[in-house]
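**Student:** Enclosed is the structure file model-v3.txt (compact mmCIF, C-alpha atoms).
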```
# COMPACT_ATOMS: atom_id res chain seq x y z
CA MET A 41 37.78 19.55 44.55
CA ARG A 42 35.58 17.45 46.78
CA VAL A 43 31.89 17.07 46.00
CA ASP A 44 29.68 15.12 48.41
CA CYS A 45 26.24 14.03 47.26
CA GLY A 46 24.10 10.93 47.11
CA ASP A 47 24.85 10.09 43.50
CA ALA A 48 28.27 9.44 41.94
CA GLY A 49 27.07 10.47 38.50
CA LEU A 50 25.85 13.80 39.82
CA ALA A 51 29.18 14.35 41.58
CA ASP A 52 31.01 13.77 38.29
CA ARG A 53 28.75 16.19 36.43
CA VAL A 54 29.21 18.86 39.10
CA ALA A 55 32.98 18.41 38.96
CA ASP A 56 32.91 18.80 35.17
CA LEU A 57 30.89 22.01 35.48
CA MET A 58 33.35 23.41 38.02
CA LEU A 59 36.35 22.58 35.83
CA ALA A 60 34.68 24.19 32.82
CA GLU A 61 34.03 27.35 34.85
CA ALA A 62 37.65 27.37 36.04
CA ASP A 63 38.85 27.19 32.43
CA ARG A 64 36.49 29.99 31.39
CA LEU A 65 37.63 32.31 34.15
CA GLU A 66 41.30 31.49 33.65
CA ALA A 67 41.06 32.36 29.96
CA MET A 68 39.48 35.68 30.91
CA LEU A 69 41.69 36.75 33.83
CA SER A 70 45.10 35.16 33.22
CA THR A 71 48.13 37.41 32.82
CA TYR A 72 49.92 34.44 31.24
CA ARG A 73 47.58 34.58 28.25
CA PRO A 74 48.45 37.67 26.16
CA ASN A 75 45.00 37.66 24.55
CA SER A 76 42.96 37.37 27.75
CA VAL A 77 40.58 40.26 28.35
CA PHE A 78 42.54 41.30 31.42
CA SER A 79 45.89 41.24 29.59
CA ARG A 80 44.49 43.39 26.78
CA TRP A 81 43.05 45.84 29.29
CA ARG A 82 46.40 46.08 31.09
CA ARG A 83 48.06 46.99 27.78
CA GLY A 84 45.57 49.80 27.28
CA GLU A 85 43.73 48.18 24.41
CA PRO A 86 40.04 49.05 24.04
CA ALA A 87 37.98 46.30 25.62
CA ASN A 88 34.46 45.80 26.84
CA LEU A 89 35.25 44.36 30.22
CA PRO A 90 32.96 41.49 31.24
CA VAL A 91 31.36 41.66 34.65
CA GLU A 92 33.78 39.06 36.01
CA VAL A 93 36.83 41.25 35.34
CA VAL A 94 35.06 44.31 36.71
CA ASP A 95 34.19 42.39 39.88
CA VAL A 96 37.80 41.36 40.52
CA LEU A 97 39.13 44.86 39.86
CA GLU A 98 36.52 46.33 42.19
CA LEU A 99 37.40 43.77 44.86
CA ALA A 100 41.11 44.59 44.54
CA ALA A 101 40.42 48.31 44.85
CA ARG A 102 38.22 47.72 47.89
CA TRP A 103 40.90 45.73 49.70
CA HIS A 104 43.57 48.25 48.78
CA ARG A 105 41.43 50.84 50.53
CA ARG A 106 40.38 48.70 53.52
CA SER A 107 43.96 47.59 54.22
CA SER A 108 45.40 51.11 53.91
CA GLY A 109 47.52 49.95 50.98
CA LEU A 110 48.97 46.82 52.61
CA PHE A 111 47.12 44.83 49.98
CA ASN A 112 48.58 46.29 46.80
CA CYS A 113 47.40 45.12 43.38
CA CYS A 114 49.84 47.38 41.49
CA LEU A 115 53.12 45.56 42.06
CA GLY A 116 53.30 44.16 38.54
CA ALA A 117 56.48 46.10 37.71
CA VAL A 118 58.08 45.01 40.99
CA MET A 119 57.22 41.36 40.33
CA ALA A 120 58.47 41.58 36.74
CA ARG A 121 61.77 43.06 37.92
CA TRP A 122 62.30 40.15 40.30
CA SER A 123 61.51 37.70 37.50
CA GLN A 124 64.16 39.48 35.42
CA ALA A 125 66.60 39.15 38.32
CA VAL A 126 66.04 35.39 38.24
CA ALA A 127 66.70 35.30 34.49
CA ASP A 128 69.86 37.40 34.83
CA GLN A 129 70.91 35.90 38.18
CA VAL A 130 71.75 39.43 39.33
CA LEU A 131 70.06 41.11 42.29
CA PRO A 132 68.39 44.47 41.59
CA GLY A 133 69.46 47.48 43.62
CA ARG A 134 67.41 48.34 46.68
CA GLY A 135 67.06 51.92 45.47
CA GLU A 136 65.69 50.72 42.13
CA MET A 137 63.14 48.47 43.83
CA ALA A 138 62.06 51.20 46.25
CA GLY A 139 61.51 53.48 43.26
CA LEU A 140 59.33 50.91 41.51
CA ALA A 141 57.35 50.35 44.70
CA ALA A 142 56.89 54.08 45.30
CA ALA A 143 55.03 54.33 41.99
CA THR A 144 52.35 51.91 43.24
CA THR A 145 50.84 53.91 46.10
CA GLU A 146 47.91 55.19 44.00
CA LEU A 147 45.67 52.87 42.01
CA PRO A 148 45.73 53.61 38.25
CA PHE A 149 42.03 52.79 37.93
CA ALA A 150 38.73 53.34 39.68
CA VAL A 151 35.48 51.39 39.54
CA VAL A 152 32.36 53.54 39.72
CA ASP A 153 28.85 52.09 39.34
CA GLY A 154 30.20 48.97 37.68
CA VAL A 155 32.37 50.86 35.17
CA VAL A 156 36.19 50.74 35.24
CA HIS A 157 37.88 54.10 34.65
CA ARG A 158 41.56 54.12 33.74
CA THR A 159 43.42 56.89 35.61
CA GLY A 160 47.03 55.85 34.98
CA ASP A 161 49.34 53.13 33.68
CA CYS A 162 47.43 49.90 34.25
CA SER A 163 50.22 47.66 32.98
CA VAL A 164 51.39 47.38 36.61
CA VAL A 165 48.06 45.94 37.86
CA ASP A 166 48.53 42.42 39.23
CA LEU A 167 45.47 40.62 40.59
CA HIS A 168 47.18 37.43 41.77
CA GLY A 169 46.67 38.42 45.40
CA VAL A 170 42.89 38.21 45.13
CA ALA A 171 41.83 36.62 41.82
CA LYS A 172 42.58 33.05 42.87
CA GLY A 173 40.38 33.33 45.93
CA TRP A 174 37.67 34.98 43.86
CA VAL A 175 37.74 32.06 41.40
CA VAL A 176 37.44 29.59 44.30
CA ASP A 177 34.28 31.38 45.43
CA ARG A 178 32.83 31.20 41.92
CA LEU A 179 33.50 27.46 41.68
CA VAL A 180 31.80 26.91 45.02
CA GLU A 181 28.78 28.88 43.77
CA VAL A 182 28.55 26.64 40.69
CA ALA A 183 28.44 23.50 42.84
CA THR A 184 26.12 24.70 45.58
CA ALA A 185 23.56 25.98 43.07
CA ILE A 186 22.85 22.37 42.03
CA ASP A 187 20.20 20.39 43.90
CA GLY A 188 21.54 17.29 45.59
CA VAL A 189 24.99 18.60 46.48
CA ASP A 190 25.57 18.32 50.22
CA THR A 191 29.16 19.57 50.60
CA VAL A 192 31.79 21.07 48.35
CA VAL A 193 35.44 21.85 49.09
CA VAL A 194 37.65 23.64 46.58
CA ASP A 195 41.41 23.90 47.03
CA LEU A 196 43.12 26.07 44.42
CA GLY A 197 46.79 26.22 45.30
CA GLY A 198 46.17 26.63 49.02
CA ASP A 199 43.14 28.92 48.80
CA ILE A 200 40.41 26.68 50.21
CA ALA A 201 36.66 27.15 50.64
CA HIS A 202 34.07 24.87 52.24
CA ARG A 203 30.31 25.04 51.85
CA GLY A 204 27.84 22.51 53.15
CA ARG A 205 24.25 21.94 54.05
CA ALA A 206 23.19 21.59 57.68
CA GLY A 207 24.95 18.68 59.32
CA SER A 208 27.54 18.27 56.57
CA THR A 209 31.15 17.39 57.32
CA ALA A 210 33.48 20.33 57.94
CA ALA A 211 36.93 20.53 56.34
CA ARG A 212 40.03 19.97 58.47
CA ILE A 213 42.96 21.94 57.06
CA ALA A 214 46.59 21.51 58.11
CA VAL A 215 48.52 24.78 58.47
CA GLU A 216 52.07 24.30 57.24
CA ASN A 217 55.00 25.30 59.43
CA PRO A 218 57.14 27.59 57.21
CA TRP A 219 60.19 26.49 59.21
CA ALA A 220 59.59 22.83 58.32
CA THR A 221 58.48 22.51 54.70
CA ALA A 222 59.58 18.95 53.88
CA GLU A 223 56.73 16.85 52.49
CA ASN A 224 56.73 14.63 55.59
CA ALA A 225 57.16 17.47 58.11
CA SER A 226 54.58 17.95 60.85
CA ALA A 227 52.05 20.72 60.34
CA LEU A 228 51.95 23.70 62.65
CA SER A 229 48.34 22.95 63.57
CA VAL A 230 45.02 21.80 62.13
CA VAL A 231 42.08 24.15 61.60
CA THR A 232 38.43 23.18 61.16
CA VAL A 233 36.69 25.24 58.47
CA ALA A 234 32.91 25.12 57.98
CA ASP A 235 31.03 27.40 55.57
CA ALA A 236 34.12 29.59 55.36
CA ALA A 237 37.45 29.87 53.58
CA ILE A 238 41.12 29.78 54.49
CA ALA A 239 44.18 31.12 52.67
CA THR A 240 47.90 31.08 53.43
CA SER A 241 50.57 33.43 52.08
CA SER A 242 54.17 32.30 52.51
CA GLY A 243 57.51 32.70 50.79
CA ALA A 244 58.71 29.29 51.92
CA ARG A 245 57.61 27.59 48.68
CA ARG A 246 57.06 30.42 46.21
CA GLY A 247 59.65 32.99 45.33
CA TRP A 248 62.80 33.82 43.39
CA LEU A 249 66.19 32.08 43.42
CA VAL A 250 68.98 34.56 42.67
CA GLY A 251 72.66 33.88 43.17
CA GLY A 252 71.96 30.71 45.11
CA ARG A 253 69.71 32.47 47.62
CA TRP A 254 65.95 32.10 47.96
CA TYR A 255 63.77 35.21 48.19
CA GLY A 256 60.09 34.93 49.13
CA HIS A 257 57.52 35.89 46.49
CA LEU A 258 55.73 38.59 48.51
CA PRO A 259 57.37 42.02 48.17
CA ASP A 260 57.09 44.81 50.71
CA PRO A 261 54.85 47.47 49.10
CA ILE A 262 57.16 50.21 50.44
CA THR A 263 60.61 48.85 49.64
CA GLY A 264 59.83 46.44 46.80
CA TRP A 265 62.13 43.95 48.55
CA PRO A 266 60.83 40.46 49.42
CA ILE A 267 59.50 39.80 52.89
CA ALA A 268 61.53 37.17 54.76
CA GLU A 269 60.83 33.79 53.16
CA ARG A 270 60.12 32.09 56.48
CA ARG A 271 57.20 34.36 57.30
CA SER A 272 53.78 32.82 56.82
CA THR A 273 50.27 34.19 57.22
CA THR A 274 47.02 32.20 57.40
CA VAL A 275 43.60 33.85 57.43
CA VAL A 276 40.09 32.41 57.83
CA ALA A 277 37.29 34.55 56.37
CA ALA A 278 33.76 34.25 55.02
CA THR A 279 34.97 34.07 51.40
CA ALA A 280 38.13 32.82 49.74
CA ALA A 281 38.65 36.19 48.05
CA ASP A 282 38.64 37.99 51.40
CA ALA A 283 40.94 35.38 52.95
CA ASP A 284 43.30 35.69 49.96
CA ALA A 285 43.51 39.49 50.16
CA LEU A 286 43.87 39.54 53.94
CA ALA A 287 46.63 36.92 53.89
CA SER A 288 48.58 39.15 51.50
CA ALA A 289 47.99 42.23 53.66
CA PHE A 290 48.99 40.54 56.92
CA GLY A 291 51.95 39.00 55.13
CA VAL A 292 53.63 42.40 54.60
CA ALA A 293 52.36 44.16 57.74
CA THR A 294 54.65 45.21 60.55
CA ALA A 295 53.79 44.02 64.06
CA GLU A 296 52.07 47.33 64.79
CA GLN A 297 50.16 47.33 61.50
CA ARG A 298 49.15 43.73 62.15
CA GLU A 299 47.51 44.59 65.46
CA TYR A 300 45.72 47.59 63.97
CA LEU A 301 44.47 45.68 60.93
CA ALA A 302 43.23 42.74 63.00
CA GLU A 303 41.32 44.97 65.41
CA ARG A 304 39.83 47.25 62.77
CA LEU A 305 38.66 44.42 60.50
CA ASN A 306 38.03 41.80 63.22
CA ALA A 307 40.19 39.47 61.12
CA ALA A 308 41.03 35.91 62.12
CA ALA A 309 44.74 35.67 61.31
CA LEU A 310 47.70 33.54 62.33
CA VAL A 311 51.20 34.82 61.53
CA VAL A 312 54.53 33.04 61.85
CA ASP A 313 57.17 35.76 61.72
CA GLU A 314 60.73 35.55 60.42
CA SER A 315 62.04 34.58 63.86
CA GLY A 316 59.57 31.71 64.22
CA ILE A 317 57.25 33.43 66.72
CA VAL A 318 53.56 32.60 66.20
CA TRP A 319 51.03 35.43 66.59
CA ARG A 320 47.26 34.95 66.62
CA SER A 321 44.72 37.74 66.35
CA ALA A 322 41.96 38.06 68.95
CA ALA A 323 39.37 36.94 66.38
CA TRP A 324 41.44 33.84 65.62
CA VAL A 325 41.69 32.90 69.30
CA ASP A 326 37.98 33.53 69.89
CA SER A 327 36.43 31.91 66.82
CA ILE A 328 38.78 29.42 65.15
CA ASP A 329 38.75 25.71 66.01
CA GLU A 330 42.50 25.05 66.01
CA ARG A 331 44.10 21.87 67.31
CA PRO A 332 47.62 20.45 67.47
CA ALA A 333 48.66 18.59 64.31
```
Could you rewrite the structure in this file as structure tokens?
**Tutor:**
Amino acid sequence: MRVDCGDAGLADRVADLMLAEADRLEAMLSTYRPNSVFSRWRRGEPANLPVEVVDVLELAARWHRRSSGLFNCCLGAVMARWSQAVADQVLPGRGEMAGLAAATTELPFAVVDGVVHRTGDCSVVDLHGVAKGWVVDRLVEVATAIDGVDTVVVDLGGDIAHRGRAGSTAARIAVENPWATAENASALSVVTVADAAIATSSGARRGWLVGGRWYGHLPDPITGWPIAERRSTTVVAATAADADALASAFGVATAEQREYLAERLNAAALVVDESGIVWRSAAWVDSIDERPA
């Protein structure tokens, strides 16, 4: 986090408030906590869902619809099977993974007028593709609601948001080259972000190691098989949640789907494909301040 204001004491207090909010939301939404509200809901236990959980579920459903299923929040069984493959050090069969993926085409829940309705097995719901960005947006809201704060930047594992008052300093974000991931490697480029957010989805650093081979963490929603680990997608959007969801969608899109999605949503996206070719959407070229690293 970066908090710019005229008083160091205020900056410390704002940072403490943001950390407390992060802890509160993590305890509510984490799938790693078996007693979190979201984990209990996934198991089918009766729960009065707080507005925060409803908001994230509604956001996930909206992006599933807007991306024509490229953003898929129901790959929990697919992700769990790959985690099991790591534990066993045995690759799953492609037919098995395609079968697990085929069961994810329809959402097992619907959100109507702020109420979540369960329509299927919700144990497969996985919000990692959007929840982190959503939390970033909430932390930014906490900081910017306080008088005296000029600029705030939140970076939560690569999902980054900047908000600032008129004349404040923009954030300059280096976009990693997925083909050169050493700590001292040169970045692909540097992007200036002001009152916006940026997110990157890549299998170069996150994924599964099975049988001595690395598999990127982002599975194809059709085959259940990981997208090539060297592919990387970076998206700039108004909110971190939108950037997060779009980065996931572009990350699994074919070249044709990529063009369609970018045009329909006017999305600012940069994609490095598995052969190292860099593609930029029209909105990226027209609106993003990108410079050589």
**Student:** Determine the nearest neighbour of Glu92 (chain A) from the options A:Val275, A:Leu69, A:Val230, A:Val176, counting all atoms listed in the file.
**Tutor:**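 Using all atoms listed in the file, Glu92 (chain A) sits closest to A:Leu69.
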**Student:** Which distance in Å separates CA of Thr273 (chain A) and CA of Val175 (chain A), to one decimal?
**Tutor:**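 Straight-line distance from CA of Thr273 (chain A) to CA of Val175 (chain A) works out to 20.3 Å.
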**Student:** Point out the residue among A:Gly252, A:Ala211, A:Ser107, A:Val43 with the least atom-to-atom distance to Glu303 (chain A), counting all atoms listed in the file.
**Tutor:**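 With all atoms listed in the file as the atom set, the closest residue is A:Ser107.
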**Student:** Tell me which protein, DNA and RNA residues are within 10 Å of region 53-58 of chain A, counting only C-alpha atoms, leaving out same-chain ones fewer than 4 positions away, and put them as a list in words.
**Tutor:**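 The residues that qualify are Met41, Arg42, Val43, Cys45, Ala48, Gly49, Ala62, Asp63, Arg64, Val176, Arg178, Leu179, Val180, Glu181, Val182, Ala183, Thr184, Ala185, Ile186, Val189, Val192 and Val194 of chain A.
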**Student:** For CA of Gly207 (chain A) and CA of Ile238 (chain A), determine how far apart the two atoms are, in Å to one decimal place.
**Tutor:** 20.2 Å
**Student:** For the atom pair CA of Ala142 (chain A) and CA of Ser70 (chain A), what is the interatomic distance in Å to one decimal place?
**Tutor:**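 Here the two named atoms are 25.4 Å from each other.
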**Student:** When you look at region 214-228 of chain A with a cut-off of 8 Å (counting only C-alpha atoms), what residues show up, excluding the ones that are within fewer than 6 positions of it in the same chain? I need them as a PDB file with C-alpha atoms, in the coordinates of the input.
**Tutor:**
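Generated output (around_22.pdb):
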```
ATOM      1  CA  SER A 242      54.170  32.300  52.510  1.00  0.00           C
ATOM      2  CA  ALA A 244      58.710  29.290  51.920  1.00  0.00           C
ATOM      3  CA  ARG A 245      57.610  27.590  48.680  1.00  0.00           C
ATOM      4  CA  ARG A 270      60.120  32.090  56.480  1.00  0.00           C
ATOM      5  CA  ARG A 271      57.200  34.360  57.300  1.00  0.00           C
ATOM      6  CA  SER A 272      53.780  32.820  56.820  1.00  0.00           C
ATOM      7  CA  THR A 274      47.020  32.200  57.400  1.00  0.00           C
ATOM      8  CA  VAL A 312      54.530  33.040  61.850  1.00  0.00           C
ATOM      9  CA  GLY A 316      59.570  31.710  64.220  1.00  0.00           C
ATOM     10  CA  PRO A 332      47.620  20.450  67.470  1.00  0.00           C
ATOM     11  CA  ALA A 333      48.660  18.590  64.310  1.00  0.00           C
TER      12      ALA A 333
END
```
**Student:** At most 10 Å from (49.9, 51.7, 44.9), file frame, all atoms listed in the file: which residues, as JSON, numbers by chain?
**Tutor:** {"A": [104, 109, 110, 111, 112, 113, 114, 115, 141, 142, 143, 144, 145, 146, 147, 148, 164, 165, 261, 262]}
**Student:** Complete the atoms of region 73-97 of chain A to N, CA and C atoms and put them out as a PDB file, keeping the file's coordinate frame.
**Tutor:**
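The resulting part_30.pdb:
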```pdb
ATOM      1  N   ARG A  73      48.164  34.641  29.599  1.00  0.00           N
ATOM      2  CA  ARG A  73      47.580  34.580  28.250  1.00  0.00           C
ATOM      3  C   ARG A  73      47.559  35.999  27.680  1.00  0.00           C
ATOM      4  N   PRO A  74      48.381  36.290  26.682  1.00  0.00           N
ATOM      5  CA  PRO A  74      48.450  37.670  26.160  1.00  0.00           C
ATOM      6  C   PRO A  74      47.140  38.157  25.561  1.00  0.00           C
ATOM      7  N   ASN A  75      46.266  37.246  25.160  1.00  0.00           N
ATOM      8  CA  ASN A  75      45.000  37.660  24.550  1.00  0.00           C
ATOM      9  C   ASN A  75      43.823  37.590  25.508  1.00  0.00           C
ATOM     10  N   SER A  76      44.080  37.335  26.795  1.00  0.00           N
ATOM     11  CA  SER A  76      42.960  37.370  27.750  1.00  0.00           C
ATOM     12  C   SER A  76      42.428  38.800  27.832  1.00  0.00           C
ATOM     13  N   VAL A  77      41.179  38.924  28.228  1.00  0.00           N
ATOM     14  CA  VAL A  77      40.580  40.260  28.350  1.00  0.00           C
ATOM     15  C   VAL A  77      41.383  41.118  29.312  1.00  0.00           C
ATOM     16  N   PHE A  78      41.797  40.528  30.434  1.00  0.00           N
ATOM     17  CA  PHE A  78      42.540  41.300  31.420  1.00  0.00           C
ATOM     18  C   PHE A  78      43.899  41.743  30.884  1.00  0.00           C
ATOM     19  N   SER A  79      44.598  40.866  30.158  1.00  0.00           N
ATOM     20  CA  SER A  79      45.890  41.240  29.590  1.00  0.00           C
ATOM     21  C   SER A  79      45.730  42.374  28.578  1.00  0.00           C
ATOM     22  N   ARG A  80      44.704  42.316  27.757  1.00  0.00           N
ATOM     23  CA  ARG A  80      44.490  43.390  26.780  1.00  0.00           C
ATOM     24  C   ARG A  80      44.175  44.699  27.481  1.00  0.00           C
ATOM     25  N   TRP A  81      43.368  44.618  28.535  1.00  0.00           N
ATOM     26  CA  TRP A  81      43.050  45.840  29.290  1.00  0.00           C
ATOM     27  C   TRP A  81      44.300  46.428  29.927  1.00  0.00           C
ATOM     28  N   ARG A  82      45.161  45.579  30.494  1.00  0.00           N
ATOM     29  CA  ARG A  82      46.400  46.080  31.090  1.00  0.00           C
ATOM     30  C   ARG A  82      47.259  46.815  30.070  1.00  0.00           C
ATOM     31  N   ARG A  83      47.253  46.352  28.826  1.00  0.00           N
ATOM     32  CA  ARG A  83      48.060  46.990  27.780  1.00  0.00           C
ATOM     33  C   ARG A  83      47.436  48.282  27.267  1.00  0.00           C
ATOM     34  N   GLY A  84      46.223  48.578  27.725  1.00  0.00           N
ATOM     35  CA  GLY A  84      45.570  49.800  27.280  1.00  0.00           C
ATOM     36  C   GLY A  84      44.737  49.646  26.045  1.00  0.00           C
ATOM     37  N   GLU A  85      44.538  48.400  25.600  1.00  0.00           N
ATOM     38  CA  GLU A  85      43.730  48.180  24.410  1.00  0.00           C
ATOM     39  C   GLU A  85      42.248  48.361  24.736  1.00  0.00           C
ATOM     40  N   PRO A  86      41.488  48.911  23.801  1.00  0.00           N
ATOM     41  CA  PRO A  86      40.040  49.050  24.040  1.00  0.00           C
ATOM     42  C   PRO A  86      39.425  47.678  24.286  1.00  0.00           C
ATOM     43  N   ALA A  87      38.609  47.588  25.303  1.00  0.00           N
ATOM     44  CA  ALA A  87      37.980  46.300  25.620  1.00  0.00           C
ATOM     45  C   ALA A  87      36.706  46.547  26.408  1.00  0.00           C
ATOM     46  N   ASN A  88      35.681  45.796  26.042  1.00  0.00           N
ATOM     47  CA  ASN A  88      34.460  45.800  26.840  1.00  0.00           C
ATOM     48  C   ASN A  88      34.644  44.769  27.948  1.00  0.00           C
ATOM     49  N   LEU A  89      34.922  45.262  29.137  1.00  0.00           N
ATOM     50  CA  LEU A  89      35.250  44.360  30.220  1.00  0.00           C
ATOM     51  C   LEU A  89      34.007  43.592  30.683  1.00  0.00           C
ATOM     52  N   PRO A  90      34.085  42.264  30.722  1.00  0.00           N
ATOM     53  CA  PRO A  90      32.960  41.490  31.240  1.00  0.00           C
ATOM     54  C   PRO A  90      32.814  41.722  32.738  1.00  0.00           C
ATOM     55  N   VAL A  91      31.660  41.386  33.248  1.00  0.00           N
ATOM     56  CA  VAL A  91      31.360  41.660  34.650  1.00  0.00           C
ATOM     57  C   VAL A  91      32.335  40.956  35.577  1.00  0.00           C
ATOM     58  N   GLU A  92      32.849  39.794  35.163  1.00  0.00           N
ATOM     59  CA  GLU A  92      33.780  39.060  36.010  1.00  0.00           C
ATOM     60  C   GLU A  92      35.065  39.860  36.250  1.00  0.00           C
ATOM     61  N   VAL A  93      35.604  40.454  35.198  1.00  0.00           N
ATOM     62  CA  VAL A  93      36.830  41.250  35.340  1.00  0.00           C
ATOM     63  C   VAL A  93      36.564  42.498  36.164  1.00  0.00           C
ATOM     64  N   VAL A  94      35.428  43.124  35.926  1.00  0.00           N
ATOM     65  CA  VAL A  94      35.060  44.310  36.710  1.00  0.00           C
ATOM     66  C   VAL A  94      34.958  43.948  38.188  1.00  0.00           C
ATOM     67  N   ASP A  95      34.342  42.813  38.490  1.00  0.00           N
ATOM     68  CA  ASP A  95      34.190  42.390  39.880  1.00  0.00           C
ATOM     69  C   ASP A  95      35.540  42.220  40.576  1.00  0.00           C
ATOM     70  N   VAL A  96      36.503  41.588  39.893  1.00  0.00           N
ATOM     71  CA  VAL A  96      37.800  41.360  40.520  1.00  0.00           C
ATOM     72  C   VAL A  96      38.554  42.673  40.697  1.00  0.00           C
ATOM     73  N   LEU A  97      38.488  43.558  39.726  1.00  0.00           N
ATOM     74  CA  LEU A  97      39.130  44.860  39.860  1.00  0.00           C
ATOM     75  C   LEU A  97      38.511  45.668  41.001  1.00  0.00           C
TER      76      LEU A  97
END
```
